[in-house]
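**Q** This is final-v8.pdb (PDB, C-alpha atoms, pLDDT in the B column).
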```
ATOM      1  CA  MET A   3      48.039 121.227  91.523  1.00 59.00           C
ATOM      2  CA  LYS A   4      50.661 123.937  91.310  1.00 71.00           C
ATOM      3  CA  LYS A   5      51.833 124.518  87.741  1.00 88.00           C
ATOM      4  CA  TYR A   6      55.570 124.304  87.262  1.00 96.00           C
ATOM      5  CA  LYS A   7      57.488 125.320  84.141  1.00 97.00           C
ATOM      6  CA  HIS A   8      60.907 123.809  84.860  1.00 98.00           C
ATOM      7  CA  LEU A   9      61.832 120.388  86.237  1.00 98.00           C
ATOM      8  CA  LEU A  10      65.363 120.073  87.612  1.00 98.00           C
ATOM      9  CA  PHE A  11      66.593 116.482  87.701  1.00 98.00           C
ATOM     10  CA  ASP A  12      69.505 115.153  89.662  1.00 98.00           C
ATOM     11  CA  LEU A  13      71.414 112.527  87.627  1.00 98.00           C
ATOM     12  CA  ASP A  14      73.101 109.844  89.749  1.00 96.00           C
ATOM     13  CA  ARG A  15      70.660 107.547  91.583  1.00 96.00           C
ATOM     14  CA  THR A  16      67.748 109.593  90.212  1.00 98.00           C
ATOM     15  CA  LEU A  17      67.915 108.763  86.494  1.00 98.00           C
ATOM     16  CA  TYR A  18      71.256 106.983  86.186  1.00 98.00           C
ATOM     17  CA  ASP A  19      71.669 103.655  88.018  1.00 97.00           C
ATOM     18  CA  PHE A  20      74.867 104.800  89.664  1.00 95.00           C
ATOM     19  CA  ASP A  21      75.208 101.994  92.197  1.00 95.00           C
ATOM     20  CA  ASN A  22      75.070  99.120  89.719  1.00 97.00           C
ATOM     21  CA  ASN A  23      77.068 100.982  87.063  1.00 97.00           C
ATOM     22  CA  ASN A  24      79.726 102.019  89.566  1.00 96.00           C
ATOM     23  CA  ARG A  25      80.118  98.505  90.930  1.00 97.00           C
ATOM     24  CA  LYS A  26      80.520  97.099  87.410  1.00 97.00           C
ATOM     25  CA  THR A  27      83.200  99.698  86.582  1.00 97.00           C
ATOM     26  CA  LEU A  28      85.123  98.943  89.757  1.00 97.00           C
ATOM     27  CA  GLU A  29      84.923  95.203  89.037  1.00 97.00           C
ATOM     28  CA  ASP A  30      86.395  95.842  85.586  1.00 97.00           C
ATOM     29  CA  VAL A  31      89.205  97.955  87.055  1.00 96.00           C
ATOM     30  CA  PHE A  32      89.875  95.349  89.765  1.00 97.00           C
ATOM     31  CA  GLY A  33      90.288  92.646  87.132  1.00 96.00           C
ATOM     32  CA  LYS A  34      92.258  94.749  84.650  1.00 95.00           C
ATOM     33  CA  HIS A  35      94.903  95.623  87.226  1.00 95.00           C
ATOM     34  CA  GLY A  36      95.125  92.096  88.673  1.00 95.00           C
ATOM     35  CA  LEU A  37      94.392  93.292  92.198  1.00 95.00           C
ATOM     36  CA  LYS A  38      93.558  89.801  93.443  1.00 95.00           C
ATOM     37  CA  GLU A  39      96.946  88.568  92.273  1.00 94.00           C
ATOM     38  CA  LYS A  40      98.541  91.555  94.009  1.00 93.00           C
ATOM     39  CA  GLY A  41      97.130  90.530  97.383  1.00 93.00           C
ATOM     40  CA  ILE A  42      93.526  91.720  97.696  1.00 96.00           C
ATOM     41  CA  PRO A  43      91.426  88.618  98.578  1.00 96.00           C
ATOM     42  CA  SER A  44      88.378  89.459  96.441  1.00 97.00           C
ATOM     43  CA  PHE A  45      86.540  92.250  94.717  1.00 98.00           C
ATOM     44  CA  ASP A  46      83.938  92.274  97.500  1.00 98.00           C
ATOM     45  CA  ASP A  47      86.687  92.909 100.056  1.00 97.00           C
ATOM     46  CA  PHE A  48      88.065  95.719  97.894  1.00 97.00           C
ATOM     47  CA  PHE A  49      84.617  97.262  97.396  1.00 98.00           C
ATOM     48  CA  GLU A  50      83.692  97.236 101.091  1.00 97.00           C
ATOM     49  CA  VAL A  51      86.900  99.086 101.959  1.00 97.00           C
ATOM     50  CA  TYR A  52      86.610 101.484  99.015  1.00 98.00           C
ATOM     51  CA  LYS A  53      83.026 102.633  99.721  1.00 97.00           C
ATOM     52  CA  PRO A  54      83.538 104.524 103.014  1.00 97.00           C
ATOM     53  CA  ILE A  55      86.880 105.925 101.851  1.00 97.00           C
ATOM     54  CA  ASN A  56      85.279 107.268  98.681  1.00 96.00           C
ATOM     55  CA  TYR A  57      82.296 108.663 100.602  1.00 95.00           C
ATOM     56  CA  ASN A  58      84.477 110.519 103.100  1.00 97.00           C
ATOM     57  CA  LEU A  59      86.656 111.992 100.360  1.00 96.00           C
ATOM     58  CA  TRP A  60      83.569 113.186  98.470  1.00 92.00           C
ATOM     59  CA  GLN A  61      82.378 114.967 101.626  1.00 91.00           C
ATOM     60  CA  GLN A  62      85.762 116.705 101.838  1.00 94.00           C
ATOM     61  CA  TYR A  63      85.529 117.640  98.157  1.00 91.00           C
ATOM     62  CA  LYS A  64      82.048 119.096  98.663  1.00 85.00           C
ATOM     63  CA  ARG A  65      83.445 121.242 101.481  1.00 87.00           C
ATOM     64  CA  LYS A  66      86.284 122.305  99.119  1.00 87.00           C
ATOM     65  CA  GLU A  67      88.868 120.793 101.457  1.00 95.00           C
ATOM     66  CA  ILE A  68      90.468 118.732  98.680  1.00 94.00           C
ATOM     67  CA  THR A  69      90.749 119.033  94.916  1.00 93.00           C
ATOM     68  CA  LYS A  70      89.134 116.852  92.285  1.00 91.00           C
ATOM     69  CA  GLU A  71      92.573 115.400  91.484  1.00 93.00           C
ATOM     70  CA  LYS A  72      93.204 114.576  95.159  1.00 95.00           C
ATOM     71  CA  LEU A  73      89.837 112.837  95.406  1.00 95.00           C
ATOM     72  CA  ASN A  74      90.493 110.757  92.291  1.00 94.00           C
ATOM     73  CA  LEU A  75      93.872 109.516  93.469  1.00 95.00           C
ATOM     74  CA  SER A  76      93.284 109.217  97.207  1.00 96.00           C
ATOM     75  CA  ARG A  77      90.217 106.992  97.018  1.00 97.00           C
ATOM     76  CA  PHE A  78      92.351 104.332  95.370  1.00 97.00           C
ATOM     77  CA  SER A  79      95.666 104.932  97.151  1.00 95.00           C
ATOM     78  CA  LYS A  80      93.942 104.740 100.554  1.00 95.00           C
ATOM     79  CA  THR A  81      92.058 101.575  99.565  1.00 96.00           C
ATOM     80  CA  LEU A  82      95.213  99.866  98.298  1.00 96.00           C
ATOM     81  CA  GLU A  83      97.040 100.923 101.465  1.00 94.00           C
ATOM     82  CA  VAL A  84      94.551  99.045 103.660  1.00 95.00           C
ATOM     83  CA  PHE A  85      95.507  95.833 101.855  1.00 95.00           C
ATOM     84  CA  GLY A  86      99.223  96.596 101.906  1.00 93.00           C
ATOM     85  CA  VAL A  87      99.398  96.813  98.118  1.00 91.00           C
ATOM     86  CA  ASN A  88     102.374  98.835  96.918  1.00 75.00           C
ATOM     87  CA  HIS A  89     101.655 102.382  95.858  1.00 69.00           C
ATOM     88  CA  GLY A  90     102.140 103.462  92.290  1.00 83.00           C
ATOM     89  CA  LEU A  91      98.997 101.847  90.900  1.00 91.00           C
ATOM     90  CA  GLU A  92      96.576 104.533  92.000  1.00 93.00           C
ATOM     91  CA  LYS A  93      97.203 106.861  89.069  1.00 93.00           C
ATOM     92  CA  ASP A  94      96.553 104.204  86.418  1.00 95.00           C
ATOM     93  CA  ILE A  95      93.547 102.846  88.324  1.00 96.00           C
ATOM     94  CA  SER A  96      92.104 106.342  88.752  1.00 95.00           C
ATOM     95  CA  GLU A  97      92.505 107.162  85.065  1.00 94.00           C
ATOM     96  CA  ASP A  98      90.874 103.877  84.051  1.00 96.00           C
ATOM     97  CA  TYR A  99      87.998 104.400  86.478  1.00 95.00           C
ATOM     98  CA  VAL A 100      87.254 107.902  85.158  1.00 92.00           C
ATOM     99  CA  SER A 101      87.435 106.748  81.525  1.00 92.00           C
ATOM    100  CA  LEU A 102      85.459 103.530  82.014  1.00 93.00           C
ATOM    101  CA  SER A 103      82.687 104.687  84.362  1.00 92.00           C
ATOM    102  CA  PRO A 104      80.759 106.760  81.769  1.00 91.00           C
ATOM    103  CA  LEU A 105      80.642 103.722  79.464  1.00 93.00           C
ATOM    104  CA  GLN A 106      78.069 102.071  81.724  1.00 95.00           C
ATOM    105  CA  THR A 107      74.573 102.928  80.504  1.00 96.00           C
ATOM    106  CA  ARG A 108      72.108 101.314  82.892  1.00 97.00           C
ATOM    107  CA  LEU A 109      69.297 103.705  83.848  1.00 98.00           C
ATOM    108  CA  LEU A 110      66.760 103.373  86.623  1.00 97.00           C
ATOM    109  CA  PRO A 111      63.464 101.732  85.585  1.00 97.00           C
ATOM    110  CA  GLY A 112      61.168 103.931  83.528  1.00 96.00           C
ATOM    111  CA  ALA A 113      63.655 106.778  82.989  1.00 98.00           C
ATOM    112  CA  HIS A 114      63.120 107.201  79.239  1.00 98.00           C
ATOM    113  CA  GLU A 115      59.357 106.737  79.415  1.00 98.00           C
ATOM    114  CA  VAL A 116      58.890 109.258  82.221  1.00 98.00           C
ATOM    115  CA  LEU A 117      61.153 111.852  80.583  1.00 98.00           C
ATOM    116  CA  GLU A 118      59.286 111.526  77.282  1.00 98.00           C
ATOM    117  CA  TYR A 119      55.999 112.032  79.140  1.00 97.00           C
ATOM    118  CA  LEU A 120      57.252 115.080  81.075  1.00 97.00           C
ATOM    119  CA  GLN A 121      58.968 116.677  78.104  1.00 96.00           C
ATOM    120  CA  GLN A 122      55.574 117.320  76.536  1.00 96.00           C
ATOM    121  CA  SER A 123      54.593 119.779  79.285  1.00 96.00           C
ATOM    122  CA  TYR A 124      57.773 121.062  80.956  1.00 97.00           C
ATOM    123  CA  GLN A 125      61.297 122.248  80.267  1.00 97.00           C
ATOM    124  CA  LEU A 126      63.642 119.640  81.709  1.00 98.00           C
ATOM    125  CA  HIS A 127      67.122 120.343  83.061  1.00 98.00           C
ATOM    126  CA  ILE A 128      69.824 118.411  84.915  1.00 98.00           C
ATOM    127  CA  ILE A 129      71.603 119.717  88.027  1.00 98.00           C
ATOM    128  CA  THR A 130      74.401 117.428  89.182  1.00 97.00           C
ATOM    129  CA  ASN A 131      77.390 117.378  91.526  1.00 93.00           C
ATOM    130  CA  GLY A 132      79.355 114.912  89.384  1.00 84.00           C
ATOM    131  CA  PHE A 133      82.504 115.709  87.427  1.00 86.00           C
ATOM    132  CA  GLU A 134      81.597 117.575  84.252  1.00 90.00           C
ATOM    133  CA  GLU A 135      83.357 115.402  81.670  1.00 89.00           C
ATOM    134  CA  VAL A 136      82.021 112.192  83.239  1.00 91.00           C
ATOM    135  CA  GLN A 137      78.426 113.415  83.587  1.00 94.00           C
ATOM    136  CA  TYR A 138      78.219 114.735  80.032  1.00 95.00           C
ATOM    137  CA  MET A 139      79.472 111.432  78.648  1.00 94.00           C
ATOM    138  CA  LYS A 140      76.980 109.453  80.754  1.00 95.00           C
ATOM    139  CA  ILE A 141      74.143 111.641  79.505  1.00 97.00           C
ATOM    140  CA  ARG A 142      75.153 111.252  75.857  1.00 96.00           C
ATOM    141  CA  ARG A 143      75.796 107.506  76.000  1.00 96.00           C
ATOM    142  CA  CYS A 144      72.499 106.864  77.780  1.00 97.00           C
ATOM    143  CA  GLY A 145      70.545 108.818  75.152  1.00 97.00           C
ATOM    144  CA  LEU A 146      69.344 111.389  77.676  1.00 98.00           C
ATOM    145  CA  GLU A 147      70.661 114.536  75.998  1.00 96.00           C
ATOM    146  CA  LYS A 148      67.544 114.995  73.842  1.00 97.00           C
ATOM    147  CA  TYR A 149      65.323 115.570  76.869  1.00 98.00           C
ATOM    148  CA  PHE A 150      67.215 118.405  78.559  1.00 98.00           C
ATOM    149  CA  THR A 151      67.433 122.110  77.744  1.00 98.00           C
ATOM    150  CA  HIS A 152      70.294 122.791  80.175  1.00 97.00           C
ATOM    151  CA  ILE A 153      72.782 120.586  81.980  1.00 97.00           C
ATOM    152  CA  ILE A 154      74.221 122.292  85.049  1.00 97.00           C
ATOM    153  CA  THR A 155      77.208 120.728  86.790  1.00 96.00           C
ATOM    154  CA  SER A 156      78.777 121.763  90.069  1.00 94.00           C
ATOM    155  CA  GLU A 157      81.997 122.471  88.190  1.00 92.00           C
ATOM    156  CA  SER A 158      80.309 124.940  85.830  1.00 93.00           C
ATOM    157  CA  ALA A 159      78.455 126.579  88.742  1.00 95.00           C
ATOM    158  CA  GLY A 160      81.515 126.717  90.986  1.00 92.00           C
ATOM    159  CA  ALA A 161      79.599 125.129  93.864  1.00 93.00           C
ATOM    160  CA  GLN A 162      78.100 121.804  94.909  1.00 91.00           C
ATOM    161  CA  LYS A 163      74.560 121.097  96.006  1.00 94.00           C
ATOM    162  CA  PRO A 164      73.284 121.994  98.609  1.00 94.00           C
ATOM    163  CA  SER A 165      75.085 125.345  98.281  1.00 94.00           C
ATOM    164  CA  PRO A 166      72.700 128.202  97.379  1.00 94.00           C
ATOM    165  CA  LYS A 167      75.247 129.263  94.757  1.00 96.00           C
ATOM    166  CA  ILE A 168      74.504 126.334  92.422  1.00 96.00           C
ATOM    167  CA  PHE A 169      70.750 126.934  92.664  1.00 97.00           C
ATOM    168  CA  ASP A 170      71.154 130.671  92.015  1.00 97.00           C
ATOM    169  CA  TYR A 171      73.372 129.848  89.046  1.00 97.00           C
ATOM    170  CA  THR A 172      70.782 127.379  87.742  1.00 98.00           C
ATOM    171  CA  LEU A 173      67.895 129.847  88.025  1.00 98.00           C
ATOM    172  CA  GLU A 174      69.918 132.458  86.165  1.00 97.00           C
ATOM    173  CA  LYS A 175      70.931 129.943  83.495  1.00 97.00           C
ATOM    174  CA  ILE A 176      67.395 128.716  82.795  1.00 98.00           C
ATOM    175  CA  LYS A 177      65.873 132.202  83.247  1.00 97.00           C
ATOM    176  CA  ALA A 178      63.392 131.158  85.904  1.00 97.00           C
ATOM    177  CA  ILE A 179      62.205 132.111  89.377  1.00 97.00           C
ATOM    178  CA  PRO A 180      62.042 129.594  92.250  1.00 97.00           C
ATOM    179  CA  ASN A 181      58.270 129.028  92.278  1.00 95.00           C
ATOM    180  CA  GLU A 182      58.339 128.009  88.597  1.00 97.00           C
ATOM    181  CA  CYS A 183      60.694 125.122  89.387  1.00 98.00           C
ATOM    182  CA  LEU A 184      60.571 121.668  90.908  1.00 98.00           C
ATOM    183  CA  ILE A 185      63.656 119.605  91.702  1.00 98.00           C
ATOM    184  CA  ILE A 186      63.628 115.803  91.580  1.00 98.00           C
ATOM    185  CA  GLY A 187      66.389 113.958  93.417  1.00 98.00           C
ATOM    186  CA  ASP A 188      67.382 111.094  95.675  1.00 97.00           C
ATOM    187  CA  ASP A 189      69.590 112.894  98.217  1.00 95.00           C
ATOM    188  CA  PRO A 190      67.707 114.500 101.121  1.00 96.00           C
ATOM    189  CA  GLU A 191      70.660 116.748 101.959  1.00 94.00           C
ATOM    190  CA  SER A 192      72.042 117.825  98.573  1.00 94.00           C
ATOM    191  CA  ASP A 193      68.805 117.846  96.570  1.00 97.00           C
ATOM    192  CA  ILE A 194      65.987 118.407  99.031  1.00 97.00           C
ATOM    193  CA  ARG A 195      67.553 120.640 101.674  1.00 95.00           C
ATOM    194  CA  GLY A 196      69.432 122.555  99.003  1.00 95.00           C
ATOM    195  CA  ALA A 197      66.294 123.262  96.982  1.00 97.00           C
ATOM    196  CA  LEU A 198      64.281 124.057 100.105  1.00 96.00           C
ATOM    197  CA  GLN A 199      66.817 126.721 101.099  1.00 96.00           C
ATOM    198  CA  ALA A 200      66.605 128.146  97.572  1.00 96.00           C
ATOM    199  CA  GLY A 201      62.799 128.377  97.732  1.00 97.00           C
ATOM    200  CA  ILE A 202      62.318 125.607  95.157  1.00 97.00           C
ATOM    201  CA  ASP A 203      59.749 122.820  95.632  1.00 97.00           C
ATOM    202  CA  GLN A 204      61.140 119.297  95.784  1.00 97.00           C
ATOM    203  CA  VAL A 205      60.353 115.672  94.966  1.00 98.00           C
ATOM    204  CA  TRP A 206      62.338 113.201  97.048  1.00 98.00           C
ATOM    205  CA  ILE A 207      62.731 109.742  95.497  1.00 98.00           C
ATOM    206  CA  ALA A 208      63.238 107.750  98.682  1.00 96.00           C
ATOM    207  CA  GLN A 209      64.510 104.193  98.955  1.00 89.00           C
ATOM    208  CA  PRO A 210      62.299 101.677 100.818  1.00 89.00           C
ATOM    209  CA  GLY A 211      62.561 102.336 104.555  1.00 90.00           C
ATOM    210  CA  GLU A 212      64.647 105.494 104.074  1.00 92.00           C
ATOM    211  CA  THR A 213      63.750 108.397 106.343  1.00 92.00           C
ATOM    212  CA  SER A 214      64.839 112.004 106.617  1.00 93.00           C
ATOM    213  CA  PRO A 215      64.171 114.843 109.068  1.00 94.00           C
ATOM    214  CA  ILE A 216      63.693 117.099 106.044  1.00 93.00           C
ATOM    215  CA  LYS A 217      60.090 117.157 104.863  1.00 94.00           C
ATOM    216  CA  PRO A 218      59.962 117.457 101.070  1.00 97.00           C
ATOM    217  CA  THR A 219      57.123 118.964  99.069  1.00 97.00           C
ATOM    218  CA  TYR A 220      56.474 115.499  97.603  1.00 97.00           C
ATOM    219  CA  GLN A 221      57.862 112.054  98.344  1.00 97.00           C
ATOM    220  CA  ILE A 222      57.754 109.098  95.936  1.00 97.00           C
ATOM    221  CA  GLY A 223      59.366 105.678  95.647  1.00 96.00           C
ATOM    222  CA  ASN A 224      60.207 105.521  91.936  1.00 97.00           C
ATOM    223  CA  LEU A 225      60.293 107.618  88.781  1.00 97.00           C
ATOM    224  CA  ASP A 226      56.967 106.408  87.452  1.00 97.00           C
ATOM    225  CA  GLU A 227      55.188 107.960  90.450  1.00 97.00           C
ATOM    226  CA  LEU A 228      56.045 111.383  89.031  1.00 97.00           C
ATOM    227  CA  ARG A 229      53.020 110.898  86.783  1.00 95.00           C
ATOM    228  CA  ASN A 230      50.826 111.210  89.896  1.00 94.00           C
ATOM    229  CA  ILE A 231      52.296 114.654  90.637  1.00 93.00           C
ATOM    230  CA  LEU A 232      52.915 116.163  87.213  1.00 95.00           C
TER     231      LEU A 232
END
```
As structure tokens - that is how I would like this structure written.

**A**
Amino acid sequence: MKKYKHLLFDLDRTLYDFDNNNRKTLEDVFGKHGLKEKGIPSFDDFFEVYKPINYNLWQQYKRKEITKEKLNLSRFSKTLEVFGVNHGLEKDISEDYVSLSPLQTRLLPGAHEVLEYLQQSYQLHIITNGFEEVQYMKIRRCGLEKYFTHIITSESAGAQKPSPKIFDYTLEKIKAIPNECLIIGDDPESDIRGALQAGIDQVWIAQPGETSPIKPTYQIGNLDELRNIL
């Protein structure tokens, strides 16, 4: 087995249970702002409209077509617009979402145990596309800070995965060369293709039935399976 020195972890959907935490935050925001009383039939209706709008705006943000501020406001203004809810709420909703989302602390199964195991033999780092202030708070509140030597965000690097720029920045920051590193992530485009282009080996944590044309160095189904590789 190839000996690595540095393990680069994605955060959302790799260690942090983003989907469940995000849904809970949005439910809290939906209730706090009385969106049902304002004309949205249910939270589920709101969430199903919000998801593709948010996804498309994030793709624009990754391509640097919109700003962080535009993303934060537009995902809510566009969702409210679908339901004919008067504008003016999006700013308060956006601010509440950003402040409340890092308070959720649910991790994916086995996160602490696997990190404790790996920390004994490797330097661990995080490389994430999320907003810096949100990601740092998530990491602290979830008790993850103690495991990681460096936390690299797309904002600090000035580029989002899969851009080579963020991987070059990371290698410089951790003082490593590509063949000493292994990236672990859930996104076949951002994490796996990005690392592949940077000459870094990859572990893809795939969901059941998920496929990708990109062939990773390793493919697993959950965090605990890292023990079979490392």

**Q** I need the residue set behind the PyMOL selection byres ((chain A and resi 108-122) around 12) for this file; please write it as number ranges by chain.

**A** A: 6-11, 13-27, 103-107, 123-128, 140-141, 143-151, 186, 188, 207, 223-232

**Q** For the residues in the current selection, export C-alpha atoms as a PDB file, in the frame of the given file.

**A**
```pdb
ATOM      1  CA  TYR A   6      55.570 124.304  87.262  1.00 96.00           C
ATOM      2  CA  LYS A   7      57.488 125.320  84.141  1.00 97.00           C
ATOM      3  CA  HIS A   8      60.907 123.809  84.860  1.00 98.00           C
ATOM      4  CA  LEU A   9      61.832 120.388  86.237  1.00 98.00           C
ATOM      5  CA  LEU A  10      65.363 120.073  87.612  1.00 98.00           C
ATOM      6  CA  PHE A  11      66.593 116.482  87.701  1.00 98.00           C
ATOM      7  CA  LEU A  13      71.414 112.527  87.627  1.00 98.00           C
ATOM      8  CA  ASP A  14      73.101 109.844  89.749  1.00 96.00           C
ATOM      9  CA  ARG A  15      70.660 107.547  91.583  1.00 96.00           C
ATOM     10  CA  THR A  16      67.748 109.593  90.212  1.00 98.00           C
ATOM     11  CA  LEU A  17      67.915 108.763  86.494  1.00 98.00           C
ATOM     12  CA  TYR A  18      71.256 106.983  86.186  1.00 98.00           C
ATOM     13  CA  ASP A  19      71.669 103.655  88.018  1.00 97.00           C
ATOM     14  CA  PHE A  20      74.867 104.800  89.664  1.00 95.00           C
ATOM     15  CA  ASP A  21      75.208 101.994  92.197  1.00 95.00           C
ATOM     16  CA  ASN A  22      75.070  99.120  89.719  1.00 97.00           C
ATOM     17  CA  ASN A  23      77.068 100.982  87.063  1.00 97.00           C
ATOM     18  CA  ASN A  24      79.726 102.019  89.566  1.00 96.00           C
ATOM     19  CA  ARG A  25      80.118  98.505  90.930  1.00 97.00           C
ATOM     20  CA  LYS A  26      80.520  97.099  87.410  1.00 97.00           C
ATOM     21  CA  THR A  27      83.200  99.698  86.582  1.00 97.00           C
ATOM     22  CA  SER A 103      82.687 104.687  84.362  1.00 92.00           C
ATOM     23  CA  PRO A 104      80.759 106.760  81.769  1.00 91.00           C
ATOM     24  CA  LEU A 105      80.642 103.722  79.464  1.00 93.00           C
ATOM     25  CA  GLN A 106      78.069 102.071  81.724  1.00 95.00           C
ATOM     26  CA  THR A 107      74.573 102.928  80.504  1.00 96.00           C
ATOM     27  CA  SER A 123      54.593 119.779  79.285  1.00 96.00           C
ATOM     28  CA  TYR A 124      57.773 121.062  80.956  1.00 97.00           C
ATOM     29  CA  GLN A 125      61.297 122.248  80.267  1.00 97.00           C
ATOM     30  CA  LEU A 126      63.642 119.640  81.709  1.00 98.00           C
ATOM     31  CA  HIS A 127      67.122 120.343  83.061  1.00 98.00           C
ATOM     32  CA  ILE A 128      69.824 118.411  84.915  1.00 98.00           C
ATOM     33  CA  LYS A 140      76.980 109.453  80.754  1.00 95.00           C
ATOM     34  CA  ILE A 141      74.143 111.641  79.505  1.00 97.00           C
ATOM     35  CA  ARG A 143      75.796 107.506  76.000  1.00 96.00           C
ATOM     36  CA  CYS A 144      72.499 106.864  77.780  1.00 97.00           C
ATOM     37  CA  GLY A 145      70.545 108.818  75.152  1.00 97.00           C
ATOM     38  CA  LEU A 146      69.344 111.389  77.676  1.00 98.00           C
ATOM     39  CA  GLU A 147      70.661 114.536  75.998  1.00 96.00           C
ATOM     40  CA  LYS A 148      67.544 114.995  73.842  1.00 97.00           C
ATOM     41  CA  TYR A 149      65.323 115.570  76.869  1.00 98.00           C
ATOM     42  CA  PHE A 150      67.215 118.405  78.559  1.00 98.00           C
ATOM     43  CA  THR A 151      67.433 122.110  77.744  1.00 98.00           C
ATOM     44  CA  ILE A 186      63.628 115.803  91.580  1.00 98.00           C
ATOM     45  CA  ASP A 188      67.382 111.094  95.675  1.00 97.00           C
ATOM     46  CA  ILE A 207      62.731 109.742  95.497  1.00 98.00           C
ATOM     47  CA  GLY A 223      59.366 105.678  95.647  1.00 96.00           C
ATOM     48  CA  ASN A 224      60.207 105.521  91.936  1.00 97.00           C
ATOM     49  CA  LEU A 225      60.293 107.618  88.781  1.00 97.00           C
ATOM     50  CA  ASP A 226      56.967 106.408  87.452  1.00 97.00           C
ATOM     51  CA  GLU A 227      55.188 107.960  90.450  1.00 97.00           C
ATOM     52  CA  LEU A 228      56.045 111.383  89.031  1.00 97.00           C
ATOM     53  CA  ARG A 229      53.020 110.898  86.783  1.00 95.00           C
ATOM     54  CA  ASN A 230      50.826 111.210  89.896  1.00 94.00           C
ATOM     55  CA  ILE A 231      52.296 114.654  90.637  1.00 93.00           C
ATOM     56  CA  LEU A 232      52.915 116.163  87.213  1.00 95.00           C
TER      57      LEU A 232
END
```

**Q** Between CA of Ser101 (chain A) and CA of Gly36 (chain A), what is the distance in Å, rounded to a tenth?

**A**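 Result for CA of Ser101 (chain A) versus CA of Gly36 (chain A): 18.0 Å, one decimal.
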
**Q** Run through the PyMOL selection byres ((chain A and resi 206) around 9) on the given coordinates and return the selected residues as a list of chain:residue names.

**A** A:Ile185, A:Ile186, A:Gly187, A:Asp188, A:Asp189, A:Pro190, A:Asp193, A:Ile194, A:Gln204, A:Val205, A:Ile207, A:Ala208, A:Pro218, A:Thr219, A:Tyr220, A:Gln221, A:Ile222, A:Gly223

**Q** Would you please work out which residue, of A:Thr81, A:Asn88, A:Asn74, A:Gln162, is nearest to Lys40 (chain A) when using all atoms listed in the file?

**A** A:Asn88

**Q** Applying 12 Å and all atoms listed in the file, which residues near Glu174 (chain A) remain after dropping the ones on its own chain fewer than 5 positions away? List them as a PyMOL selection string.

**A** chain A and resi 152+154+159+167-169+179-180

**Q** Could you save those same residues with C-alpha atoms as a PDB file, in the frame of the given file?

**A**
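Okay, this is what ended up in result18.pdb:
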```pdb
ATOM      1  CA  HIS A 152      70.294 122.791  80.175  1.00 97.00           C
ATOM      2  CA  ILE A 154      74.221 122.292  85.049  1.00 97.00           C
ATOM      3  CA  ALA A 159      78.455 126.579  88.742  1.00 95.00           C
ATOM      4  CA  LYS A 167      75.247 129.263  94.757  1.00 96.00           C
ATOM      5  CA  ILE A 168      74.504 126.334  92.422  1.00 96.00           C
ATOM      6  CA  PHE A 169      70.750 126.934  92.664  1.00 97.00           C
ATOM      7  CA  ILE A 179      62.205 132.111  89.377  1.00 97.00           C
ATOM      8  CA  PRO A 180      62.042 129.594  92.250  1.00 97.00           C
TER       9      PRO A 180
END
```

**Q** Given the file shown, enumerate the residues that the PyMOL selection byres ((chain A and resi 51) around 12) captures and present them as a PyMOL selection string.

**A** chain A and resi 42-50+52-58+77-85

**Q** Please report the interatomic distance between CA of Ala178 (chain A) and CA of Asp12 (chain A) in Å with one decimal.

**A**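 Atom-to-atom, CA of Ala178 (chain A) and CA of Asp12 (chain A) are spaced 17.5 Å apart.
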
**Q** What does the distance between CA of Pro166 (chain A) and CA of Lys72 (chain A) come to in Å, to one decimal place?

**A**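 Result for CA of Pro166 (chain A) versus CA of Lys72 (chain A): 24.7 Å, one decimal.
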
**Q** Draw an axis-aligned box tight on the listed atoms of region 140-144 of chain A, then pad every side by 5 Å and write out centre and edge lengths in Å to one decimal as lines of an AutoDock Vina configuration file.

**A**
```
center_x = 74.7
center_y = 109.3
center_z = 78.3
size_x = 14.5
size_y = 14.8
size_z = 14.9
```

**Q** Go through A:Gln61, A:Glu182, A:Gln199, A:Glu191 one by one, measure the shortest atom-to-atom distance of each to Ser214 (chain A) using all atoms listed in the file, and give the residue with the smallest value.

**A** A:Glu191
